[in-house]
Every structure is written in structure tokens, then in C-alpha cells.
$ cat work.cif   # mmCIF, C-alpha atoms
data_coords
#
loop_
_atom_site.label_atom_id
_atom_site.label_comp_id
_atom_site.auth_asym_id
_atom_site.auth_seq_id
_atom_site.Cartn_x
_atom_site.Cartn_y
_atom_site.Cartn_z
CA MET A 887 139.91 101.19 60.11
CA THR A 888 143.60 101.10 60.89
CA SER A 889 144.36 100.64 64.55
CA ARG A 890 146.50 103.42 66.00
CA PRO A 891 149.27 102.51 68.46
CA ALA A 892 147.99 103.55 71.85
CA THR A 893 151.14 104.92 73.47
CA SER A 894 154.58 103.86 74.59
CA TYR A 895 153.34 103.86 78.18
CA PRO A 896 152.20 100.46 79.48
CA VAL A 897 148.70 100.69 80.89
CA THR A 898 148.21 97.17 82.22
CA SER A 899 149.83 98.16 85.51
CA LEU A 900 147.60 101.18 86.13
CA PRO A 901 146.75 100.90 89.86
CA ASP A 902 143.07 100.13 90.47
CA ASN A 903 142.18 101.87 87.21
CA SER A 904 139.46 99.93 85.45
CA LEU A 905 136.18 101.04 83.95
CA SER A 906 134.29 99.76 86.98
CA ALA A 907 136.66 100.93 89.71
CA PHE A 908 135.43 104.51 89.76
CA ALA A 909 131.74 104.74 88.95
CA GLN A 910 131.47 108.36 90.06
CA ALA A 911 133.87 111.28 90.04
CA ASP A 912 135.21 112.54 93.35
CA GLN A 913 133.96 116.00 94.26
CA ASP A 914 137.50 117.39 93.93
CA ARG A 915 138.19 115.88 90.50
CA LEU A 916 138.32 117.76 87.22
CA ILE A 917 136.37 115.88 84.52
CA ALA A 918 137.46 115.89 80.87
CA VAL A 919 135.42 114.07 78.24
CA TYR A 920 137.51 113.13 75.20
CA ARG A 921 136.22 111.98 71.82
CA ILE A 922 138.54 109.28 70.53
CA ARG A 923 138.56 107.79 67.04
CA CYS A 924 139.75 104.19 67.07
CA ASP A 925 138.73 100.54 66.74
CA ALA A 926 136.38 99.25 69.41
CA SER A 927 138.94 96.65 70.39
CA ASP A 928 141.44 99.41 71.24
CA ILE A 929 139.26 101.97 73.00
CA GLU A 930 139.83 100.87 76.61
CA THR A 931 143.59 100.89 76.09
CA ARG A 932 143.44 104.24 74.30
CA ALA A 933 141.29 105.81 77.03
CA LEU A 934 143.63 104.62 79.78
CA ALA A 935 146.59 105.92 77.79
CA VAL A 936 144.98 109.38 77.55
CA ALA A 937 144.31 109.38 81.29
CA ILE A 938 148.00 108.68 81.93
CA GLU A 939 149.20 111.17 79.29
CA GLN A 940 147.11 113.95 80.79
CA SER A 941 148.19 113.27 84.36
CA VAL A 942 151.57 111.70 85.13
CA GLU A 943 152.93 111.14 81.58
CA MET A 944 155.03 108.10 82.50
CA PRO A 945 154.71 104.33 82.90
CA THR A 946 152.55 103.71 85.93
CA SER A 947 154.70 100.69 86.79
CA ALA A 948 157.48 103.16 87.61
CA ILE A 949 155.37 105.09 90.15
CA SER A 950 156.40 104.04 93.65
CA ASP A 951 154.59 106.73 95.64
CA PRO A 952 151.21 105.33 96.74
CA ARG A 953 149.55 108.75 96.92
CA VAL A 954 150.57 109.64 93.38
CA ALA A 955 149.39 106.24 92.16
CA THR A 956 145.98 106.55 93.75
CA GLU A 957 145.30 110.29 93.77
CA VAL A 958 147.21 111.87 90.88
CA VAL A 959 147.07 109.30 88.08
CA GLY A 960 144.09 110.05 85.83
CA ARG A 961 141.07 107.77 86.15
CA VAL A 962 138.88 106.51 83.29
CA GLU A 963 135.33 106.59 84.62
CA GLY A 964 133.41 105.49 81.59
CA ILE A 965 133.44 104.97 77.84
CA THR A 966 130.49 105.57 75.50
CA ASP A 967 130.26 104.44 71.88
CA ILE A 968 128.87 107.42 69.93
CA GLY A 969 129.01 105.68 66.55
CA GLY A 970 131.10 106.02 63.43
CA GLY A 971 134.18 104.57 65.05
CA ARG A 972 134.18 107.27 67.73
CA PHE A 973 133.96 106.96 71.50
CA GLU A 974 133.67 109.35 74.41
CA ALA A 975 135.97 108.63 77.34
CA ARG A 976 135.25 110.30 80.65
CA VAL A 977 138.49 110.95 82.54
CA ALA A 978 138.86 112.31 86.08
CA LEU A 979 141.97 114.39 86.75
CA ALA A 980 143.36 115.62 90.05
CA VAL A 981 142.65 119.30 90.64
CA GLU A 982 146.04 119.73 92.32
CA THR A 983 147.76 119.15 88.97
CA THR A 984 146.23 122.39 87.61
CA GLY A 985 147.88 124.59 90.23
CA LEU A 986 144.58 126.53 90.13
CA GLU A 987 146.07 128.44 87.17
CA PRO A 988 144.40 128.89 83.75
CA GLY A 989 147.36 127.93 81.57
CA GLN A 990 148.15 124.82 83.59
CA LEU A 991 144.45 123.93 83.64
CA LEU A 992 144.46 123.89 79.83
CA ASN A 993 147.72 121.96 79.85
CA MET A 994 146.29 119.23 82.09
CA LEU A 995 143.04 119.09 80.13
CA PHE A 996 144.54 118.81 76.67
CA GLY A 997 148.27 119.60 76.57
CA ASN A 998 149.85 116.45 75.17
CA ALA A 999 146.61 114.87 73.98
CA SER A 1000 146.06 117.82 71.63
CA ILE A 1001 149.02 116.58 69.59
CA LEU A 1002 147.22 113.30 68.87
CA ASP A 1003 145.10 113.86 65.78
CA ASP A 1004 142.41 111.33 66.71
CA ILE A 1005 141.40 112.98 70.00
CA GLU A 1006 139.13 115.95 70.73
CA LEU A 1007 138.36 117.55 74.08
CA ALA A 1008 134.57 117.48 73.99
CA ARG A 1009 133.37 118.66 77.41
CA ILE A 1010 134.70 119.89 80.73
CA GLU A 1011 133.21 119.70 84.22
CA LEU A 1012 134.86 122.00 86.74
CA PRO A 1013 134.72 121.05 90.44
CA PRO A 1014 134.05 123.61 93.18
CA ALA A 1015 137.76 124.12 93.88
CA LEU A 1016 138.27 125.50 90.39
CA THR A 1017 135.08 127.55 90.13
CA ARG A 1018 135.93 129.16 93.48
CA SER A 1019 139.44 129.92 92.30
CA PHE A 1020 138.52 131.45 88.93
CA ALA A 1021 135.29 133.14 90.13
CA GLY A 1022 133.72 133.39 86.66
CA PRO A 1023 131.89 136.46 85.30
CA ARG A 1024 131.77 139.50 87.55
CA PHE A 1025 128.66 140.90 85.86
CA GLY A 1026 127.33 138.28 83.48
CA GLU A 1027 124.11 138.56 81.57
CA ALA A 1028 122.23 140.55 84.22
CA GLY A 1029 125.08 143.02 84.66
CA LEU A 1030 125.53 143.66 80.95
CA LYS A 1031 121.82 144.40 80.63
CA ALA A 1032 121.71 146.62 83.70
CA ARG A 1033 124.54 148.78 82.32
CA VAL A 1034 122.38 149.90 79.40
CA GLY A 1035 119.04 149.87 81.18
CA ALA A 1036 117.71 146.83 79.35
CA ALA A 1037 115.26 144.45 80.99
CA GLY A 1038 113.32 141.55 79.55
CA ARG A 1039 114.93 141.75 76.12
CA ALA A 1040 118.04 140.83 74.20
CA LEU A 1041 120.86 143.34 73.69
CA THR A 1042 122.16 144.89 70.48
CA CYS A 1043 125.76 145.29 69.35
CA SER A 1044 127.75 146.24 66.28
CA ALA A 1045 131.43 146.38 65.36
CA LEU A 1046 133.83 149.06 64.13
CA LYS A 1047 135.71 147.97 61.00
CA PRO A 1048 137.61 147.62 58.72
CA ILE A 1049 141.23 147.69 59.81
CA GLY A 1050 143.00 150.57 58.11
CA LEU A 1051 140.55 153.35 58.97
CA SER A 1052 141.78 156.35 60.93
CA PRO A 1053 140.65 157.13 64.48
CA ILE A 1054 138.46 159.92 63.10
CA ALA A 1055 136.79 157.60 60.61
CA LEU A 1056 136.18 154.92 63.24
CA ALA A 1057 134.79 157.54 65.63
CA GLY A 1058 132.43 158.66 62.86
CA LEU A 1059 131.08 155.14 62.46
CA ALA A 1060 130.69 154.79 66.21
CA SER A 1061 128.77 158.07 66.38
CA LYS A 1062 126.25 156.86 63.81
CA LEU A 1063 125.74 153.50 65.49
CA ALA A 1064 125.34 155.13 68.91
CA ARG A 1065 122.88 157.67 67.51
CA GLY A 1066 120.90 154.70 66.29
CA GLY A 1067 120.51 153.70 69.93
CA LEU A 1068 122.52 150.47 70.02
CA ASP A 1069 123.42 149.03 73.40
CA TYR A 1070 127.05 148.10 72.72
CA ILE A 1071 129.60 149.05 70.07
CA LYS A 1072 132.81 147.07 69.98
CA ASP A 1073 136.08 147.36 68.15
CA ASP A 1074 136.60 144.72 65.51
CA HIS A 1075 138.87 142.16 67.13
CA GLY A 1076 141.43 142.87 64.39
CA LEU A 1077 141.85 146.45 65.60
CA ALA A 1078 144.97 146.57 67.75
CA ASP A 1079 147.75 149.14 68.13
CA GLN A 1080 148.24 149.58 64.39
CA ILE A 1081 149.79 152.59 62.71
CA SER A 1082 146.50 153.48 60.99
CA ALA A 1083 144.68 153.86 64.32
CA PRO A 1084 146.96 153.61 67.36
CA PHE A 1085 145.15 152.49 70.49
CA ALA A 1086 146.02 155.65 72.41
CA GLU A 1087 144.44 157.77 69.65
CA ARG A 1088 141.60 155.51 68.55
CA VAL A 1089 140.02 154.77 71.91
CA PRO A 1090 139.74 158.37 73.18
CA ALA A 1091 138.31 159.47 69.81
CA VAL A 1092 135.70 156.71 69.69
CA ALA A 1093 134.83 157.06 73.37
CA ALA A 1094 134.25 160.80 72.93
CA ALA A 1095 132.06 160.23 69.87
CA VAL A 1096 129.93 157.66 71.67
CA ARG A 1097 129.67 159.85 74.75
CA ALA A 1098 128.46 162.80 72.64
CA ALA A 1099 125.92 160.63 70.86
CA THR A 1100 124.52 159.18 74.07
CA GLY A 1101 124.18 162.68 75.43
CA ASP A 1102 121.86 163.42 72.51
CA THR A 1103 119.93 160.13 72.49
CA GLY A 1104 119.64 159.58 76.23
CA HIS A 1105 120.47 155.90 75.71
CA ASP A 1106 123.58 154.72 77.53
CA THR A 1107 125.51 153.01 74.72
CA ARG A 1108 128.70 151.27 75.84
CA TYR A 1109 131.91 151.17 73.78
CA LEU A 1110 134.20 148.13 74.04
CA PRO A 1111 137.79 148.72 72.95
CA SER A 1112 139.72 145.65 71.84
CA VAL A 1113 142.72 145.25 74.15
CA THR A 1114 145.61 143.21 72.76
CA GLY A 1115 149.28 142.37 73.19
CA ASN A 1116 151.36 141.01 76.05
CA LEU A 1117 150.36 141.53 79.67
CA ASP A 1118 152.19 144.86 79.94
CA ALA A 1119 150.42 146.13 76.81
CA LEU A 1120 147.06 144.87 78.06
CA ARG A 1121 147.50 146.73 81.31
CA ARG A 1122 148.51 149.96 79.54
CA GLN A 1123 145.50 149.75 77.26
CA VAL A 1124 143.12 149.07 80.15
CA ARG A 1125 144.45 152.21 81.87
CA ILE A 1126 143.75 154.23 78.73
CA ALA A 1127 140.24 152.80 78.55
CA ARG A 1128 139.67 153.73 82.20
CA ASP A 1129 140.94 157.25 81.61
CA CYS A 1130 138.32 157.53 78.84
CA GLY A 1131 135.55 156.57 81.25
CA LEU A 1132 135.04 153.09 79.76
CA ASP A 1133 134.02 150.09 81.82
CA THR A 1134 133.67 147.30 79.24
CA LEU A 1135 136.42 145.53 77.28
CA LEU A 1136 136.77 143.15 74.35
CA ILE A 1137 139.50 140.47 74.66
CA ALA A 1138 140.30 137.37 72.59
CA PRO A 1139 141.42 134.87 75.28
CA MET A 1140 143.12 132.48 72.87
CA VAL A 1141 145.10 135.30 71.25
CA VAL A 1142 146.38 136.97 74.44
CA GLY A 1143 146.53 133.66 76.35
CA LEU A 1144 144.20 132.31 79.01
CA PRO A 1145 146.46 133.34 81.93
CA ALA A 1146 146.70 136.94 80.69
CA PHE A 1147 142.97 137.04 80.03
CA HIS A 1148 142.17 135.86 83.54
CA THR A 1149 144.72 138.26 85.06
CA ILE A 1150 143.06 141.25 83.38
CA VAL A 1151 139.64 140.06 84.56
CA ARG A 1152 140.90 139.58 88.10
CA GLU A 1153 142.73 142.93 88.25
CA ASN A 1154 139.74 144.87 86.91
CA ALA A 1155 136.78 143.52 88.82
CA ASP A 1156 134.72 146.64 88.09
CA MET A 1157 135.03 146.21 84.30
CA ALA A 1158 132.91 143.85 82.22
CA VAL A 1159 134.67 141.70 79.62
CA ILE A 1160 133.35 140.22 76.38
CA ALA A 1161 135.40 137.29 75.04
CA HIS A 1162 136.07 137.01 71.30
CA PRO A 1163 136.55 133.51 69.78
CA ALA A 1164 139.53 134.29 67.51
CA MET A 1165 141.87 131.25 67.42
CA ALA A 1166 139.23 129.11 69.15
CA GLY A 1167 139.25 126.80 66.16
CA ALA A 1168 143.02 126.28 66.19
CA THR A 1169 142.72 123.38 68.62
CA ARG A 1170 140.53 120.29 68.74
CA ILE A 1171 138.63 121.60 71.73
CA ALA A 1172 134.88 121.54 71.16
CA PRO A 1173 133.31 125.03 71.20
CA VAL A 1174 131.04 124.16 74.10
CA ALA A 1175 134.06 123.23 76.22
CA LEU A 1176 136.28 126.16 75.27
CA ILE A 1177 133.83 129.02 74.73
CA GLY A 1178 130.89 127.92 76.84
CA THR A 1179 132.79 126.52 79.82
CA LEU A 1180 136.41 127.77 80.01
CA PHE A 1181 135.82 131.35 78.82
CA ARG A 1182 132.94 131.64 81.28
CA ALA A 1183 134.90 130.14 84.19
CA LEU A 1184 137.79 132.54 83.58
CA GLY A 1185 135.53 135.57 83.74
CA ALA A 1186 133.89 136.33 80.40
CA ASP A 1187 130.67 138.27 81.02
CA GLY A 1188 129.72 137.72 77.38
CA ILE A 1189 130.93 135.12 74.88
CA ILE A 1190 130.99 135.83 71.16
CA TYR A 1191 130.74 132.84 68.84
CA PRO A 1192 129.72 132.11 65.23
CA ASN A 1193 125.98 131.67 64.98
CA VAL A 1194 124.43 129.03 62.75
CA GLY A 1195 123.85 130.19 59.19
CA GLY A 1196 126.60 132.80 59.11
CA ARG A 1197 130.11 132.83 57.65
CA PHE A 1198 131.22 129.88 59.77
CA GLY A 1199 130.15 126.29 60.12
CA TYR A 1200 128.67 126.03 63.60
CA SER A 1201 125.53 123.92 63.66
CA THR A 1202 122.25 124.58 65.43
CA GLU A 1203 123.20 121.90 67.97
CA THR A 1204 126.59 123.51 68.66
CA CYS A 1205 125.08 126.96 69.16
CA ARG A 1206 122.41 125.56 71.46
CA ALA A 1207 125.05 123.70 73.47
CA ILE A 1208 127.23 126.82 73.87
CA ALA A 1209 124.26 128.89 75.02
CA ALA A 1210 123.23 126.15 77.45
CA ALA A 1211 126.77 125.90 78.88
CA ALA A 1212 126.88 129.66 79.36
CA ASP A 1213 123.81 129.44 81.59
CA ALA A 1214 124.24 126.02 83.19
CA PRO A 1215 124.80 125.69 86.96
CA MET A 1216 128.56 125.92 87.57
CA GLY A 1217 129.50 126.18 91.21
CA GLY A 1218 127.49 129.33 91.74
CA LEU A 1219 129.11 131.26 88.86
CA LYS A 1220 127.05 133.91 87.09
CA PRO A 1221 125.89 133.06 83.57
CA SER A 1222 127.76 134.48 80.61
CA LEU A 1223 125.67 136.20 77.95
CA PRO A 1224 125.70 134.45 74.53
CA VAL A 1225 126.70 136.82 71.70
CA PRO A 1226 125.85 135.03 68.41
CA ALA A 1227 127.70 136.65 65.51
CA GLY A 1228 129.58 136.00 62.27
CA GLY A 1229 127.73 137.47 59.30
CA MET A 1230 124.34 138.03 60.93
CA THR A 1231 121.90 140.26 59.05
CA LEU A 1232 119.00 142.50 59.99
CA LYS A 1233 116.58 140.18 58.16
CA ARG A 1234 117.50 137.35 60.51
CA ILE A 1235 116.64 139.21 63.73
CA PRO A 1236 113.27 137.43 64.30
CA GLU A 1237 114.85 134.04 63.62
CA ILE A 1238 117.77 134.68 65.98
CA LEU A 1239 115.51 136.00 68.74
CA SER A 1240 113.15 133.06 68.35
CA PHE A 1241 116.14 130.80 69.03
CA TYR A 1242 117.77 132.69 71.93
CA ARG A 1243 114.83 134.78 73.19
CA GLU A 1244 116.01 137.49 75.61
CA ASN A 1245 119.14 135.60 76.66
CA ALA A 1246 121.53 137.00 74.05
CA MET A 1247 123.31 140.01 72.63
CA LEU A 1248 122.81 140.20 68.87
CA LEU A 1249 125.96 141.28 67.04
CA ILE A 1250 125.43 142.62 63.52
CA GLY A 1251 128.41 144.29 61.89
CA GLY A 1252 128.83 144.31 58.14
CA ASP A 1253 125.13 144.47 57.35
CA LEU A 1254 124.83 147.70 59.35
CA LEU A 1255 128.11 149.20 58.21
CA GLY A 1256 127.04 148.63 54.62
CA ALA A 1257 124.00 150.86 55.11
CA GLY A 1258 126.09 153.96 54.35
CA ASP A 1259 124.06 157.14 54.71
CA ARG A 1260 121.21 155.15 56.24
CA MET A 1261 123.34 153.69 59.02
CA ILE A 1262 121.61 155.63 61.80
CA GLU A 1263 118.17 154.63 60.52
CA GLU A 1264 119.18 150.99 60.14
CA ALA A 1265 120.67 150.95 63.63
CA ARG A 1266 117.39 152.34 64.98
CA ALA A 1267 115.49 149.63 63.10
CA PHE A 1268 117.81 147.02 64.61
CA GLN A 1269 117.26 148.36 68.12
CA SER A 1270 113.49 148.60 67.62
CA ALA A 1271 113.22 145.08 66.23
CA VAL A 1272 114.95 143.70 69.33
CA ALA A 1273 113.07 145.94 71.78
CA ASP A 1274 109.64 145.21 70.26
CA PHE A 1275 110.04 141.45 69.86
CA ASP A 1276 107.44 139.38 71.72
CA TYR A 1277 109.76 137.26 73.84
CA GLN A 1278 106.97 135.22 75.41
CA LEU A 1279 105.54 134.11 72.08
CA GLY A 1280 108.87 134.11 70.28
CA ILE A 1281 107.62 136.19 67.35
CA ALA A 1282 108.16 139.67 65.97
CA ALA A 1283 105.69 142.26 67.20
CA GLU A 1284 102.87 143.10 64.83
#
$ encode --input "work.cif" --output "C-alpha cells"
Amino acid sequence: MTSRPATSYPVTSLPDNSLSAFAQADQDRLIAVYRIRCDASDIETRALAVAIEQSVEMPTSAISDPRVATEVVGRVEGITDIGGGRFEARVALAVETTGLEPGQLLNMLFGNASILDDIELARIELPPALTRSFAGPRFGEAGLKARVGAAGRALTCSALKPIGLSPIALAGLASKLARGGLDYIKDDHGLADQISAPFAERVPAVAAAVRAATGDTGHDTRYLPSVTGNLDALRRQVRIARDCGLDTLLIAPMVVGLPAFHTIVRENADMAVIAHPAMAGATRIAPVALIGTLFRALGADGIIYPNVGGRFGYSTETCRAIAAAADAPMGGLKPSLPVPAGGMTLKRIPEILSFYRENAMLLIGGDLLGAGDRMIEEARAFQSAVADFDYQLGIAAE
């Protein structure tokens, strides 16, 4: 393996920063775990260089302020060899450097280091100061279930697509899915304010269709419009959704930006938000860190991600880790509801439920939309399969 130059910053003068100096993280420190690919002989130097890069970004020998040297400079708290020429470095960062702001938090976690192609942000541990500031999901798993009267079971969801359909056509699809008794119907994340179905026309049409269907079925199906654009556009679209009587939104945090995402969550505390993972693979941030931890901390009540065996390459271990992160203790934050998706089919319902049990929202799009004239019947079968599943035994009902 070719050794990579560590950095232009000297690390030998890092004040009191050795692998043994800080055995445990301070309560007010943000923890980032980086996976680094390098020779074993270089890993301590590389880890220290990352700690500097992600904190003060300058030679530590030039830091004359004692407080900055001891409190702001990143600390390497441990290094683990995970095999294959890769190591995990645990780095403690000062919370004050984040400004308690989502964009700056991401910047301090992985801003410059993301440009280095041998480093991945693997995991994040948020201290109480950050969990208090961001507040996490307002409703979470329990709230999403309560909205549709579901208890002791997983939820069902489908998507409106493809892009290019008119508002009337999309409303027709939504009507069929709602008449099949699904819990949630979301816009495809690709639906925006396009000429084929402008937001101001699409959302009222779909909302009215779902409302009419739920009036007939008696099941309170929720419609999630996809809100997109800059912060001004997001706010306009949220107002339209409110005017249509909607209380649940779909947002792609990495497309609109983490600060805008968190602002919409904060300004609309009575509305639930499902986070879509579009652009989540454009950085070397592990899915468990980005989707399971950051999206949850910034307020996602539900987190969509590619389930194992679908169109994308997430492994069983990755999906399990995301689901675990969504429910793990995090400074008192509510759990986010896992929404496994990405090419799921009706035939896989027992398998998916055996894996997640009741702690999930199953999202099946294309397989339902392809049912054509039988869409209502197939949606009913989907809902029944989820409602009748034996969650204690983890098997389909006889």
C-alpha cells in the first residue's frame, strides 16, 4: 500500500494530544468516528491530522491561546484496526465550533475531511447540548402511528409517480391507493414544482382525492406532499399544504440543505416530516451516521432508506444499523420510524416484517402502481398483510 502524505500541518506539537491523554470523551464533546485507509505506521499521524483539520485547520504550534489549544483543538481518543488496511479513529470535537447550527455541525464533522478520498465519516455521537438544541422528531414512530390509528403493527405507504403525470392523473392514483386503505401516500421525491404538475395545482388535487377516499373507507390515510426548493419556496409550499388540511410532509434534507430542513421542522412543530435519502450517497458519510443519526437529530419523524435486496446496495448489516440508530437512546429524543424502501415488492412483505417487526413503515411503490386496474385490490392486500402479520412470532398469519 502506498503511504499517503498526512497533511501539511505539523502534528508533533499538538498540545497534550496523545492516544492515552483522553481515555473518555467529555460530556460536552461531539464525537466523530472516521474510517481511514492507510498504512499502520501512518495511522496515528493521520488521525491527529484529521482531528486538527476538523477543528482549528492550522499548525498547532502557531496556536498561542491556551484555551483554544486545550478546549478547541480536536482530540484523538482512540484508534481501532478494523482490518484490510482500514482503521477507525475516534475524534472528540468541541461543541462550540458547531454554533449549534446544522450546516456548521456538518462542516465540523466532515467539511474538509470529506475532500480526502481515504476517509469516511462512520458514526456520530451527539452530546446533550446538541440534542437539546435540535430537539429531534416532534412525533416520531408513536406519533406517525397515532395519526392513522395504528397500534402494534407496522405502517403502509406508497408513492405517486412517475414525473410527467398531470395533477388529475396523480390524484387518480392517490384515490386508488387511499381506497385500498393505505396509511400514508407520498409524492415521489422527484415531484417538485414542474410544469406537468405545479405544486399549487397538484397538492390540492391529490389532497382532495385522498380526503374523498378516506371519507368512504373510514381509514384516515395521510398524504405527504414533497416540498422542495429554497427556503422561501419551502415555506410557500408548506403554507399550501396547510391550506389543504395536510399535516405531514416529505423533504429530502440533502437536496434542500440541512439548515433549511431543520428550519422547516422547527417552524412547523405541528407537522410530521418524513426524510428522503436523495443525495445521501453523494458524500462518504456512512448511512447510519447521516440517515440514522443526523436526520433524526434534526427532526425527521420517519427516515426513508434503501432496504436490503432492492434496487440499491445496502446490506443487511447497514439496514439493521440504521434502524438501531433510529431507536437508540439519544439525549431523550423520540425515535424516528424506519421506512425501508427502494424496489420493495408485495411478495417480500413477510420477509421485511420479520426483519423490522412493527417498528417500520413499509414503502412499496412501483409494484403497486403496476397493478393497473387491480391497484385498489392490491393495496388492500398490502394493508391486510401488514395488519394481520403475527408480530410476536414474526410470521405471516395463517
$ closest_residue --input "work.cif" --among "A:Leu1012, A:Leu1063, A:Leu1135, A:Ile1001" --to "A:Asp1259" --atoms "only C-alpha atoms"
A:Leu1063
$ atom_distance --input "work.cif" --atom1 "atom CA of A:Ala1214" --atom2 "atom CA of A:Val1194"
20.7 Å
$ atom_distance --input "work.cif" --atom1 "atom CA of A:Arg1128" --atom2 "atom CA of A:Gly1050"
24.5 Å
$ resolve_selection --input "work.cif" --expression "the PyMOL selection byres ((chain A and resi 973-988) around 8)" --output "ChimeraX atom specification"
/A:911,914-924,929,933,937,940-941,957-969,971-972,989-994,1015-1016,1019-1020,1144-1145,1148,1184
$ residues_near_point --input "work.cif" --point "(123.5, 145.3, 56.4)" --cutoff "10 Å" --atoms "only C-alpha atoms" --output "ChimeraX atom specification"
/A:1229-1233,1250-1258,1261,1264-1265
$ write_last_selection --input "work.cif" --atoms "C-alpha atoms" --output "tab-separated table (two decimals), in the frame of the given file"
chain	number	residue	atom	x	y	z
A	1229	GLY	CA	127.73	137.47	59.30
A	1230	MET	CA	124.34	138.03	60.93
A	1231	THR	CA	121.90	140.26	59.05
A	1232	LEU	CA	119.00	142.50	59.99
A	1233	LYS	CA	116.58	140.18	58.16
A	1250	ILE	CA	125.43	142.62	63.52
A	1251	GLY	CA	128.41	144.29	61.89
A	1252	GLY	CA	128.83	144.31	58.14
A	1253	ASP	CA	125.13	144.47	57.35
A	1254	LEU	CA	124.83	147.70	59.35
A	1255	LEU	CA	128.11	149.20	58.21
A	1256	GLY	CA	127.04	148.63	54.62
A	1257	ALA	CA	124.00	150.86	55.11
A	1258	GLY	CA	126.09	153.96	54.35
A	1261	MET	CA	123.34	153.69	59.02
A	1264	GLU	CA	119.18	150.99	60.14
A	1265	ALA	CA	120.67	150.95	63.63
$ resolve_selection --input "work.cif" --expression "the PyMOL selection byres ((chain A and resi 1197-1205) around 10)" --output "ChimeraX atom specification"
/A:1172-1174,1178,1191-1196,1206-1211,1224,1226-1230,1241-1242
$ closest_residue --input "work.cif" --among "A:Ile1049, A:Leu1007, A:Ala1095, A:Ala1078" --to "A:Arg1065" --atoms "only C-alpha atoms"
A:Ala1095
$ closest_atom_pairs --input "work.cif" --of "stretch 1098-1121 of chain A" --to "stretch 1155-1162 of chain A" --cutoff "12 Å" --atoms "only C-alpha atoms" --output "Markdown table"
| residue | atom | partner | partner_atom | distance |
| --- | --- | --- | --- | --- |
| A:Arg1108 | CA | A:Ala1158 | CA | 10.7 |
| A:Tyr1109 | CA | A:Ala1158 | CA | 11.2 |
| A:Leu1110 | CA | A:Ile1160 | CA | 8.3 |
| A:Pro1111 | CA | A:Val1159 | CA | 10.2 |
| A:Ser1112 | CA | A:His1162 | CA | 9.4 |
| A:Val1113 | CA | A:Val1159 | CA | 10.4 |
| A:Thr1114 | CA | A:His1162 | CA | 11.5 |
$ residues_around --input "work.cif" --residues "A:Leu1248" --least-positions-apart "3" --cutoff "9 Å" --atoms "only C-alpha atoms" --output "JSON, numbers by chain"
{"A": [1040, 1041, 1042, 1043, 1044, 1224, 1225, 1226, 1227, 1230, 1235, 1238, 1239, 1272]}
$ resolve_selection --input "work.cif" --expression "the PyMOL selection byres ((chain A and resi 1039) around 8)" --output "MDAnalysis selection string"
chainID A and resid 1036:1038 1040:1041 1243:1245 1272:1273 1275 1277
$ atom_distance --input "work.cif" --atom1 "atom CA of A:Pro1084" --atom2 "atom CA of A:Ala1064"
21.7 Å
$ residues_near_point --input "work.cif" --point "(133.5, 159.7, 74.9)" --cutoff "12 Å" --atoms "only C-alpha atoms" --output "ChimeraX atom specification"
/A:1057,1060-1061,1064,1088-1101,1106-1111,1127-1133
$ residues_around --input "work.cif" --residues "A:Leu1120" --least-positions-apart "6" --cutoff "10 Å" --atoms "only C-alpha atoms" --output "ChimeraX atom specification"
/A:1112-1114,1126,1137,1142,1146-1147,1149-1150
$ residues_around --input "work.cif" --residues "A:Glu1027" --least-positions-apart "4" --cutoff "8 Å" --atoms "all atoms listed in the file" --output "list of chain:residue names"
A:Lys1031, A:Asp1187, A:Gly1188, A:Lys1220, A:Pro1221, A:Ser1222, A:Leu1223, A:Asn1245
$ closest_residue --input "work.cif" --among "A:Ala926, A:Ala1008, A:Ala1086, A:Val1124" --to "A:Ile1177" --atoms "only C-alpha atoms"
A:Ala1008
$ closest_residue --input "work.cif" --among "A:Leu1056, A:Ala1212, A:Val1034, A:Ile938" --to "A:Ile1189" --atoms "all atoms listed in the file"
A:Ala1212
